[in-house]
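The structure appears below as structure tokens.
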Amino acid sequence: MKRMPSRADRPKPRPRYGRLLVAAVTMAAGLTAAATGSAAATGNGPVWGPCAEPSPELVCAKLEVPLDYANPRGPKIEIGLSKLPSPRPDARRGVLLLNPGGQSGSELSFPLRLVSHGLPGSVRESYDLISFDPRGIGASTPVTCDLHGDQDLNIPPSGYAAGPADVLRRAAELREITAQCASSASARRLPHMSVANVARDMDRIRAALGEQRISYFGYSFGTYVGAVYATLFPQRTDRFVLDSVVGPGGMDHTWSSRLGRGVEERFPDFAEWAAARNGTYHLGGTAREVRAKFSELADRLDRTPIGEMDGPAFRYTNFAFLFSDSTFAPLADTWRAIDLTLGGHQPPGEINAPGPADFSGLIHLACNSSRWSRDVPTYQRDVERDRVRYPLFGASGANLWPCAFWPVEPVEAPVRITDHGPSNVLLLSNLRDPGTPLIGAAEMRRALGQRARLVAVDAGGHLAYLADGNACVDDLTTGFLVDGQRPRTDRFCAANGASSEPLSRHQRNIPELRE
């Protein structure tokens with residue numbers, strides 16, 4: 001999905017619970033969804049026209065693709081597209097497809113936001129920037145699970161699972177939701193909503209644009225989309241950048257349960273930041289005291305919620321606002337307001353209340369593209385384990401997803417990421433990423449083999465390129481996209497961004513790279 005707001009532009013917490021993760025991603029990037037396509041496509045390629053959010057530069061279109069690629073003459077769906085043309089056609093080398101990560105709505109305005117938040121002019125001139133909404137999402141032909149009332153499809157699960165009974169309650173909720181998915185107006189599309197088909201849609205986009213190959217830049221879940229395309233269409237890849245890597249298994253239970261580990265690795269950054277500002281926020285004078293304050297507030301909210309801000313909402317809010325250093329201040333403000341309210345020192349104010357969210361499209365793609373156990377006791381055991389091992393958030397990540405009760409068998413097995421193809425992939429990962437922990441990037445590096453190089457950045461938060469002003473990772477990535485200068489070996493970027501070193505010099509001190 002990242003960032004790039006100034007410190008003066010720190011975003012405020014959002015009231016919708018399930019959107020907190022996407023909000024954190026977009027807040028970290030300074031990105032919000034907006035445009036939708038307004039023009040059709042012909043057999044000769046997209047017919048570009050004005051976008052729903054008018055722009056003098058950005059144009060939008062719809063591209064028709066098969067619902068089922070095994071039956072290409074059968075029913076069709078539409079894919080929403082946008083294009084920001086290179087301002088220098090003489091310098092243009094091709095197209096750069098973009099994917100900002102987990103989506104619940106349209107991201108067709110992403111090229112404009114990426115440019116406004118620091119994309120170098122040399123990259124801008126080298127490519128037409130192409131954004132697209134994956135099938136089932138945003139301006140593309142949608143899918144639905146007909147959510148109602150308090151039903152939610154959060155990514156990851158938002159409720160804090162304290163024990164086996166919580167897993168059983170969530171199982172009952174998800175069985176109802178997945179039954180709705182199977183009986184909705186879009187049910188016939190359900191089996192064909194997969195990342196493999198998104199990759200095939202991307203190749204249709206490539207062909208419609210008249211390109212022999214495409215370059216690609218994907219954040220977060222977009223890294224898995226890019227890796228699947230590179231596996232299915234290796235000879236049609238040019239320069240691929242995968243930033244904040246989900247891992248070769250996609251959005252599966254392994255990734256979800258690792259979020260607890262990611263929060264544990266990231267939280268010390270916030271704790272040290274808050275301790276250094278104890279005179280302002282009064283959350284503790286040391287990192288240990290700040291962590292103790294977290295446990296105190298979470299336990300008190302479990303017993304005495306403030307409106308809809310209960311213990312699970314507090315834990316989920318913390319997870320989301322660890323995605324960027326720029327959100328530390330509003331997170332600390334929230335802690336302070338909760339502490340004063342619970343202590344009776346101020347009346348309940350506007351402490352953001354959680355609410356349900358609808359990630360139906362993304363859930364369809366995840367559940368049709370990765371492996372999930374259908375055995376509820378397995379999740380109960382995982383929750384009990386991670387509740388102790390990762391107390392800040394772990395049991396939530398280990399809890400059930402709708403995929404455990406998915407109402408159809410996927411039409412094909414998950415794509416196995418391989419090392420077959422050209423060596424043209426650059427992986428980027430922060431060392432302390434709560435949303436896509438470093439271990440996912442390490443596993444993707446092994447799966448891609450010599451096709452890829454990994455740049456590990458001594459930083460916290462989600463997203464690396466153009467995120468925190470680290471000149472090392474920014475220069476390496478820009479150099480690859482513009483000149484094809486990819487590092488010859490895996491690299492390590494220091495926190496100050498001064499220079500890169502061989503990653504091998506640091507691997508012994510980074511557990512994820514030894515696993």
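Identifiers in the structure tokens: chain A, B, ... in order shown; residue index from 1 per chain; ligand index from 1 in order shown.
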Picked from range 68-223 of chain A by DSSP as alpha helix (DSSP H), as a PyMOL selection string: chain A and resi 110-116+121-126+164-183+195-208+221-223
How close does range 50-116 of chain A get to range 229-250 of chain A? List, as JSON lines, each residue of range 50-116 of chain A within 10 Å, its nearest atom pair and the distance in Å to one decimal, counting only C-alpha atoms.
{"residue": "A:Gly94", "atom": "CA", "partner": "A:Asp238", "partner_atom": "CA", "distance": 9.1}
{"residue": "A:Val95", "atom": "CA", "partner": "A:Asp238", "partner_atom": "CA", "distance": 9.5}
{"residue": "A:Leu96", "atom": "CA", "partner": "A:Arg239", "partner_atom": "CA", "distance": 8.6}
{"residue": "A:Leu97", "atom": "CA", "partner": "A:Phe240", "partner_atom": "CA", "distance": 9.4}
{"residue": "A:Leu98", "atom": "CA", "partner": "A:Val241", "partner_atom": "CA", "distance": 9.9}
{"residue": "A:Asn99", "atom": "CA", "partner": "A:Leu242", "partner_atom": "CA", "distance": 9.7}
{"residue": "A:Pro100", "atom": "CA", "partner": "A:Asp243", "partner_atom": "CA", "distance": 9.7}
{"residue": "A:Gly101", "atom": "CA", "partner": "A:Ser244", "partner_atom": "CA", "distance": 9.5}
One-decimal distance in Å that lies between CA of Leu129 in chain A and CA of Pro85 in chain A: 6.3 Å
Interatomic distance, CA of Leu190 in chain A to CA of Ser396 in chain A (Å, one decimal): 26.2 Å
Could you give me, as CSV, every range 250-356 of chain A residue with an atom at most 10 Å from range 428-444 of chain A, plus its closest atom pair and distance in Å to one decimal, counting only C-alpha atoms, rows ordered by chain then number?
residue,atom,partner,partner_atom,distance
A:Gly250,CA,A:Gly440,CA,9.3
A:Thr254,CA,A:Gly440,CA,9.5
A:Trp255,CA,A:Gly440,CA,7.6
A:Ser256,CA,A:Gly435,CA,9.0
A:Arg258,CA,A:Pro437,CA,7.1
A:Leu259,CA,A:Pro434,CA,6.1
A:Gly260,CA,A:Pro434,CA,7.9
A:Arg261,CA,A:Pro437,CA,7.6
A:Gly262,CA,A:Pro434,CA,4.0
A:Val263,CA,A:Pro434,CA,4.8
A:Glu264,CA,A:Pro434,CA,8.0
A:Glu265,CA,A:Arg432,CA,5.6
A:Arg266,CA,A:Arg432,CA,5.0
A:Phe267,CA,A:Pro434,CA,8.5
A:Pro268,CA,A:Arg432,CA,9.6
A:Asp269,CA,A:Arg432,CA,8.8
A:Phe319,CA,A:Pro434,CA,7.2
A:Ala320,CA,A:Gly435,CA,8.4
A:Phe321,CA,A:Pro434,CA,9.7
A:Leu322,CA,A:Pro434,CA,6.9
A:Phe323,CA,A:Pro434,CA,6.5
A:Ser324,CA,A:Asp433,CA,9.3
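Minimum atom-to-atom distances from A:Ser122, A:Asn154, A:Ser116, A:Ser326 to Pro87 in chain A were compared using only C-alpha atoms, and the lowest value belongs to A:Ser122.
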